[in-house]
Amino acid sequence: MAWLVVRLAISMSLLYAASAVFEDQVGKFDWRQQFIGKVRFALFDTHSQASKKLLVATEQNVFASLNSRTGDLFWRHVDKTGPEGHIDALLMYGQDAVVVVGNGRLLRSWETTVGGLKWETVLDTGSFQAAALVGVQDLVKYAAVLKKSAISLHDLSSGSEIWVENLPDSDSVQYQTIYSGGNGLVFVLGVVPNSHIVIVEYKIEDGEIMNKKSVEAAWMSSLESSCAVVSSGILLCVDQITQSLYTLPLQSAEQTEMRQIHLQTLDLEVVSGFRPVLTSTQPNPAQPPLSEFFLQLSPDHHILLQFKDGLIAPLRDFNPSYLAAFATSGERTVAAVMSPKNDTACSINLFSADTGRRHLDTTIIYHMDPNGGKPNRLYVHAFLKKDDSVGYRVMVQTEDLTLTFLQQPGRVVWMREEALADVVTMEMVDLPFTGTQAELEGEFGKKAAIQDGLLPMVLKRLSSQFILLQAWLAHLWKLFYDARKPRSSVKNEVTIDILSRDEFNLQKMMLMVTASGKLFGIDSKSGTILWKQYLENIQPNSVFKLIVQRTTAHFPHPPQCTLLIKNKDTGLGSLYVFNPIFGKKSQISVPALPRPVLQTLLLPVIDQDYAKVLLLIDDQYKVTAFPSTKNVLQQLQDTASSIFFYLVDSSQGKLSGFRLRKDLSTELIWEVVIPTEVQKIVAVKGKRANEHVHSQGRVMGDRSVLYKYLNPNLLAVITESTDAHPERSFVGIILIDGVTGRIVHEAVQRKARGPVHFVHSENWVVYVYWNSKFRRNEFSVLELFEGAELYNTTVFSSLDRPHPPQVLQQSYIFPAPINTLEATLTEKGITSRHLLVGLPSGNILSLPKLFLDPRRPEVVSEQSREENLIPYAPEMPIREEWFINYNQTVSRIRGIYTAPSGLESTCLVVAYGLDIYQSRVFPSKQFDVLKDDYDYILISSVLFGLFFATMISKRLAEVKLLNRAWR
Amino acid sequence: MTVNVCVCQSGDAVDTDFSGFSVPLEHSFEVDDVPRFRLRGALQLRGGRENGVYLSQNQLSEKDRSTLKDVAAVDGLYRIRVPRVSLQADRQTERQSEGYLTTFVRACSLVESHLSDVITLHTDVSGYIIGISIVTIPGSCRGVEVEDEVDLEVFNTTISVVAPVTAPVPETAPYIERMEQEMEKKGKNPQEQKSFFAKYWMYIVPLVLFLMMSGAQDQSGGGAGGGAANGGGR
């Protein structure tokens, strides 16, 4: 086999020159941004004063270390997705971070400086409850992990298990927390809801049960949410129904009942419907926690309390206050409290924990982003200054997953937009022209020509020329001005005001919609976030569809995008209309959608303001048009009989086609039902609307033409068998005309199963499936041809194309798993196509479509050579230089978006997953661009040389002729 | 692809030993475009390995003909439907499930094609009919006048059942075979096995020698020049 591969490699390398990037091109057209996701745990490294580390573990199963001065990643570990890689707990001691992963499956210790794994232990099965560091005699030596029915103690330096003990009565008691105060004992606290609390004492040395007691607590349902341990082992609980605090010394033998302290006696009251929260702090795991704690009584009311000699005394009342957190530096513990200042800002102040006294000059002003969400987490990094006072920095996490790191007096040190770790959908929009360009465009607008006469037009022309001259002079002046400055001081900051379309439309606005409901406008050239908008009240299971209704081409009308937000469960949707360049919400009135939306359809019909019409079809098959002006409705009535749409109901396996009626109701015109007992529809895809096909056919070796079947209404339907047995499972592909419901082609890939990734474009469909017989991924390509003659050369109509197309298909082995698949797209479709394959390794492979051609011959003939067909080889090559993102891998790549640029050779690519990567690809090389190292001087000198040579020789020839004439 | 085709004129005698079952083919064409389906003919279907289909249908009545022409004039639709059936199930009760499969063609194209249509029934792997399609040949509407008596009386239908094709898998065996053949060919012809250098050494060696000679001359020349320059500097 080896020689086969070698031969293949050689023959391929003869066919194709390398298309990888050069070293000096790295980062020139591309950028990558790495994200971590929603923070679950964040710990500052307080081990040394100069440390810049901030350890974070996130909901996306990422464990990372951030540089707290810049916000950059020191290192990042991306674990498996789903519950298998879920980070349950993060504990930090000294240089080590201990992490519990996968619902208590693994216990890992990481070295925090370089992010190396120190050790890893597999824990016994059982669902994870809690983890804590355990110290003995001022030294933290162990980590205790509490499972549903067992507790185990592990050595921190090696990870070895010291002991593991089963918990008594674990089937009736829910054990939820661990506490250790450094006195040689570990307490495990469990609860029988609405009955009693169980406290079990274990000896650290050998895990012997020292004591076990149960205490009445009929009001308690969960320990975790309502209790905390304060002072020297006092369990403190709060209950909102009885409006009381309860205390219980864990170790005392005599007290068998919880002592009730009414909140009323402290002049406190919990707001009804709010679950009060207790926050205590244990700066050193080898010592008991502090006796001070926070009690949150309402969403914006905290109070600092102290437990002393069995009594609770309020130290300071923070009303109003959003967030409160403790932080410790050395021996001193402080509390940071965030309180509202005015509508747009919050102030954070530092208080000493033991007295509640405010530290002077410690205010940090936090300005809330008006387009962002409310702050919901506060992480404090306290440190000792040179004069022994306590300084601090804070990290604020907001609802829209923005991490803001602030220092006094409110300077934003860095900001991370972690919502971008979960991009759902995106679009790219052309940037608008500059004012001067727009001026020129506007001059020749339709309206202007009608209104004005000849003379005003001339004047207008002159004035716009003058404006252009002015702009050019200003540009020259800026160039001159910048040239004098040292290079480093010239900042390339991108702001929204100077954004304008470049010569070749290579710079665009990336619109990204994230799962948390935050929208971003990102400059595609630099990756700078130009605007962001948080949409509140987005359900977590919403689906989004982004539609560009008006591009920037219609000056002076602003571009317009519409986001359809749909609740997955109820199907109810809402529309959010905005300007994609500035991110501002549009003032246009949006139709109310009282019924679930089934389908959207963007028509090529435009209203008088050049916005494309969006049709929304609800579950009663009624159509709502947006915009719905008189003009639009008139146009819809005129064209109603030629507007068709399809609906897919995968639960019933039903595909149905509808036609619009003049009164905006619909009629069912075709129906295809695929029995769900055998196979289920997994995906339906049409073609991209902005796709252009340049050549109608392919020239064959004998100079005849094979015409492509270019049906714009064709749908590719992928089905998977319900039978999962490897011998009987199959993947079905059905090509259906979306207007007539005619099944154009139906094929079955046997012994195959999903997940299927596919691309549908031009006259071909490429899909990837898993071959369950040979256990490998395979590519298959379908191409449709009309044959040697076109039925109707001028237009394509689904209603008038009686002959079925010829279908060619070929399959190949692909030696790697696949995450996502997309095809390149260019302005006019002249450039050859490439497939962009997102691999789980994070690489993006740019695979020439030439390799996926069902006409690749088994045996090379003169004609196939003439046609430039590569001889068939069953295995698809993967060559490293085809990776467009060299070493800039994209973690957990989920989608690839392609957009054409103004240059025919260039296609813009954005890959998103946990990271975002933007680049350009040149499927047919840069045939329309001069190379970077193009020798302008040589060419111009040769040109000038030739010019002068002609001049001189002409002169000489004249002289010679004259002389001859004289002779 | 297994396709069994039968071109059936109405009134044809149906094969008597045809052991299949029959389902109705219904059609609808109304000026107000509200579907009201009525019987067009009976489809004789046969399960098993070779899916066969025969269609026996009636002539269009006088009234139907005029309605069809009226529908064509307003660019209405001509719809057909069949019940959802399975070709493979043994018992009649298992065959049928609820619902119909519908499709349409523009009435004008049916009229202009003089009722010559092609109906295709598509089945899935297990023999369930999942879709029906109808096209007319020619398929266009040019507004040609049609003499109703002669041309709109009988359907000229081509009907077929199409099962899904099995998509190809990567063909490794023929490829390896081909490679082996090529290897054998090379083995037979030892001339080809020789490397580039082995073949053309007689040309290369003199060339290299020549280059070396000329190079040495250049060097000595350069050295002499350098020496002269040094001498000049003194």
# chains A, B, ... in the order shown; residues from 1 in each chain; ligands from 1
>>> residues_around(residues="Ile80 of chain B", least_positions_apart="3", cutoff="9 Å", atoms="only C-alpha atoms", output="ChimeraX atom specification")
/B:25-29,37,40,101-105,132-134
>>> residues_around(residues="Ile643 of chain A", least_positions_apart="3", cutoff="8 Å", atoms="only C-alpha atoms", output="tab-separated table (two decimals) with all heavy atoms, in the first residue's frame")
chain	number	residue	atom	x	y	z
A	639	THR	N	-47.35	38.77	-8.97
A	639	THR	CA	-46.44	37.64	-9.21
A	639	THR	C	-46.83	36.40	-8.40
A	639	THR	O	-46.09	35.43	-8.38
A	639	THR	CB	-45.00	38.02	-8.85
A	639	THR	OG1	-44.99	38.52	-7.51
A	639	THR	CG2	-44.44	39.07	-9.79
A	640	ALA	N	-47.99	36.46	-7.73
A	640	ALA	CA	-48.35	35.39	-6.78
A	640	ALA	C	-48.28	34.00	-7.41
A	640	ALA	O	-47.79	33.06	-6.79
A	640	ALA	CB	-49.73	35.63	-6.23
A	659	ARG	N	-48.27	27.06	-3.25
A	659	ARG	CA	-48.22	28.19	-4.16
A	659	ARG	C	-48.96	29.34	-3.50
A	659	ARG	O	-49.96	29.14	-2.83
A	659	ARG	CB	-48.87	27.85	-5.49
A	659	ARG	CG	-48.71	28.96	-6.49
A	659	ARG	CD	-48.99	28.48	-7.88
A	659	ARG	NE	-50.44	28.37	-8.11
A	659	ARG	CZ	-50.97	28.36	-9.33
A	659	ARG	NH1	-50.19	28.43	-10.39
A	659	ARG	NH2	-52.26	28.25	-9.49
A	660	LEU	N	-48.44	30.53	-3.73
A	660	LEU	CA	-49.06	31.72	-3.14
A	660	LEU	C	-50.30	32.09	-3.96
A	660	LEU	O	-50.29	32.03	-5.18
A	660	LEU	CB	-48.05	32.86	-3.16
A	660	LEU	CG	-48.35	34.06	-2.29
A	660	LEU	CD1	-48.28	33.68	-0.82
A	660	LEU	CD2	-47.37	35.17	-2.57
>>> interface_residues(of="chain B", to="chain A", cutoff="8 Å", atoms="only C-alpha atoms", output="VMD selection string")
chain B and resid 79 100 to 106 122 124 to 126 128 130 to 140 163 to 172 175 179
>>> residues_around(residues="Ser651 of chain A", least_positions_apart="3", cutoff="10 Å", atoms="only C-alpha atoms", output="VMD selection string")
chain A and resid 648 654 675 to 676 680 to 682
>>> write_last_selection(atoms="C-alpha atoms", output="PDB file, in the first residue's frame")
ATOM      1  CA  VAL A 648     -40.523  20.041   5.564  1.00  0.00           C
ATOM      2  CA  LYS A 654     -43.525  14.938   4.733  1.00  0.00           C
ATOM      3  CA  PRO A 675     -42.290   6.780   5.510  1.00  0.00           C
ATOM      4  CA  THR A 676     -40.703   7.483   8.868  1.00  0.00           C
ATOM      5  CA  LYS A 680     -36.040   9.986   8.557  1.00  0.00           C
ATOM      6  CA  ILE A 681     -35.228  13.283   6.915  1.00  0.00           C
ATOM      7  CA  VAL A 682     -32.156  14.789   8.522  1.00  0.00           C
TER       8      VAL A 682
END
>>> select_by_dssp(residues="segment 37-90 of chain B", states="strand (DSSP E)", output="mmCIF file with N, CA, C and O atoms, in the first residue's frame")
data_model
loop_
_atom_site.group_PDB
_atom_site.id
_atom_site.type_symbol
_atom_site.label_atom_id
_atom_site.label_comp_id
_atom_site.auth_asym_id
_atom_site.auth_seq_id
_atom_site.Cartn_x
_atom_site.Cartn_y
_atom_site.Cartn_z
ATOM 1 N N ARG B 38 -61.329 13.338 -9.024
ATOM 2 C CA ARG B 38 -62.183 12.243 -9.499
ATOM 3 C C ARG B 38 -61.320 11.239 -10.261
ATOM 4 O O ARG B 38 -60.163 11.541 -10.590
ATOM 5 N N LEU B 39 -61.879 10.092 -10.485
ATOM 6 C CA LEU B 39 -61.105 8.984 -11.017
ATOM 7 C C LEU B 39 -60.634 9.261 -12.448
ATOM 8 O O LEU B 39 -61.408 9.708 -13.295
ATOM 9 N N ARG B 40 -59.364 9.023 -12.672
ATOM 10 C CA ARG B 40 -58.865 9.124 -14.034
ATOM 11 C C ARG B 40 -58.628 7.731 -14.596
ATOM 12 O O ARG B 40 -58.832 7.468 -15.761
ATOM 13 N N GLY B 41 -58.135 6.849 -13.756
ATOM 14 C CA GLY B 41 -57.864 5.503 -14.232
ATOM 15 C C GLY B 41 -57.441 4.632 -13.071
ATOM 16 O O GLY B 41 -57.475 5.047 -11.913
ATOM 17 N N ALA B 42 -57.094 3.404 -13.381
ATOM 18 C CA ALA B 42 -56.665 2.490 -12.334
ATOM 19 C C ALA B 42 -55.223 2.067 -12.616
ATOM 20 O O ALA B 42 -54.875 1.725 -13.743
ATOM 21 N N LEU B 43 -54.414 2.142 -11.567
ATOM 22 C CA LEU B 43 -53.026 1.717 -11.682
ATOM 23 C C LEU B 43 -52.939 0.270 -11.249
ATOM 24 O O LEU B 43 -53.381 -0.082 -10.150
ATOM 25 N N GLN B 44 -52.405 -0.577 -12.102
ATOM 26 C CA GLN B 44 -52.173 -1.963 -11.732
ATOM 27 C C GLN B 44 -50.715 -2.062 -11.307
ATOM 28 O O GLN B 44 -49.815 -1.853 -12.109
ATOM 29 N N LEU B 45 -50.488 -2.321 -10.039
ATOM 30 C CA LEU B 45 -49.124 -2.373 -9.541
ATOM 31 C C LEU B 45 -48.754 -3.803 -9.206
ATOM 32 O O LEU B 45 -49.586 -4.587 -8.774
ATOM 33 N N ARG B 46 -47.521 -4.124 -9.394
ATOM 34 C CA ARG B 46 -47.040 -5.448 -9.030
ATOM 35 C C ARG B 46 -45.773 -5.286 -8.204
ATOM 36 O O ARG B 46 -44.861 -4.545 -8.572
ATOM 37 N N GLY B 52 -43.613 -3.587 -11.661
ATOM 38 C CA GLY B 52 -44.303 -3.317 -12.919
ATOM 39 C C GLY B 52 -45.522 -2.458 -12.660
ATOM 40 O O GLY B 52 -46.086 -2.479 -11.574
ATOM 41 N N VAL B 53 -45.900 -1.713 -13.645
ATOM 42 C CA VAL B 53 -47.074 -0.880 -13.488
ATOM 43 C C VAL B 53 -47.802 -0.772 -14.825
ATOM 44 O O VAL B 53 -47.186 -0.686 -15.886
ATOM 45 N N TYR B 54 -49.099 -0.875 -14.739
ATOM 46 C CA TYR B 54 -49.941 -0.695 -15.925
ATOM 47 C C TYR B 54 -51.030 0.292 -15.568
ATOM 48 O O TYR B 54 -51.475 0.346 -14.421
ATOM 49 N N LEU B 55 -51.407 1.063 -16.523
ATOM 50 C CA LEU B 55 -52.436 2.051 -16.272
ATOM 51 C C LEU B 55 -53.562 1.857 -17.270
ATOM 52 O O LEU B 55 -53.332 1.816 -18.473
ATOM 53 N N SER B 56 -54.758 1.675 -16.742
ATOM 54 C CA SER B 56 -55.919 1.641 -17.642
ATOM 55 C C SER B 56 -56.758 2.851 -17.320
ATOM 56 O O SER B 56 -57.062 3.125 -16.158
ATOM 57 N N GLN B 57 -57.046 3.640 -18.303
ATOM 58 C CA GLN B 57 -57.782 4.866 -18.031
ATOM 59 C C GLN B 57 -58.862 5.119 -19.074
ATOM 60 O O GLN B 57 -58.828 4.617 -20.184
ATOM 61 N N LEU B 77 -54.152 24.682 -12.826
ATOM 62 C CA LEU B 77 -53.317 23.500 -12.642
ATOM 63 C C LEU B 77 -54.110 22.230 -12.913
ATOM 64 O O LEU B 77 -55.312 22.159 -12.638
ATOM 65 N N TYR B 78 -53.435 21.269 -13.429
ATOM 66 C CA TYR B 78 -53.984 19.931 -13.577
ATOM 67 C C TYR B 78 -53.279 19.069 -12.542
ATOM 68 O O TYR B 78 -52.061 18.903 -12.587
ATOM 69 N N ARG B 79 -54.029 18.580 -11.557
ATOM 70 C CA ARG B 79 -53.407 17.829 -10.464
ATOM 71 C C ARG B 79 -53.751 16.355 -10.575
ATOM 72 O O ARG B 79 -54.848 16.008 -11.018
ATOM 73 N N ILE B 80 -52.816 15.536 -10.125
ATOM 74 C CA ILE B 80 -53.127 14.113 -10.001
ATOM 75 C C ILE B 80 -52.689 13.653 -8.623
ATOM 76 O O ILE B 80 -51.846 14.293 -7.984
ATOM 77 N N ARG B 81 -53.282 12.569 -8.164
ATOM 78 C CA ARG B 81 -52.850 12.021 -6.880
ATOM 79 C C ARG B 81 -53.051 10.514 -6.863
ATOM 80 O O ARG B 81 -53.889 9.966 -7.575
ATOM 81 N N VAL B 82 -52.214 9.867 -6.050
ATOM 82 C CA VAL B 82 -52.385 8.434 -5.798
ATOM 83 C C VAL B 82 -52.327 8.230 -4.292
ATOM 84 O O VAL B 82 -51.691 9.001 -3.589
ATOM 85 N N PRO B 83 -53.006 7.210 -3.783
ATOM 86 C CA PRO B 83 -52.880 6.935 -2.346
ATOM 87 C C PRO B 83 -51.488 6.398 -2.032
ATOM 88 O O PRO B 83 -50.815 5.840 -2.910
#
>>> closest_residue(among="A:Tyr791, A:Phe883, A:Tyr93, A:Tyr767", to="Leu821 of chain A", atoms="only C-alpha atoms")
A:Tyr767
>>> residues_around(residues="Ile581 of chain A", least_positions_apart="2", cutoff="9 Å", atoms="only C-alpha atoms", output="ChimeraX atom specification")
/A:429-432,496,509,511,521,530-531,552,558-560,578-579,583-584
>>> atom_distance(atom1="atom CA of Tyr897 of chain A", atom2="atom CA of Pro840 of chain A")
16.8 Å
>>> select_by_dssp(residues="segment 300-530 of chain A", states="helix (DSSP H, G or I)", output="count of residues only")
54
>>> residues_around(residues="Asn371 of chain A", least_positions_apart="2", cutoff="12 Å", atoms="only C-alpha atoms", output="number ranges by chain")
A: 344, 367-369, 373-374, 398-400, 402, 517-520, 531-536, 583-585
>>> residues_around(residues="Thr157 of chain B", least_positions_apart="5", cutoff="6 Å", atoms="only C-alpha atoms", output="list in words")
Ser116, Asp117 and Val118 of chain B
>>> closest_residue(among="A:Thr177, A:Leu156, A:Trp119, A:Pro712", to="Leu139 of chain A", atoms="only C-alpha atoms")
A:Leu156
>>> closest_residue(among="A:Tyr936, A:Tyr621, A:Tyr366, A:Tyr142", to="Trp163 of chain A", atoms="only C-alpha atoms")
A:Tyr142
>>> residues_around(residues="Gln264 of chain A", least_positions_apart="5", cutoff="9 Å", atoms="only C-alpha atoms", output="JSON, numbers by chain")
{"A": [243, 244, 269]}
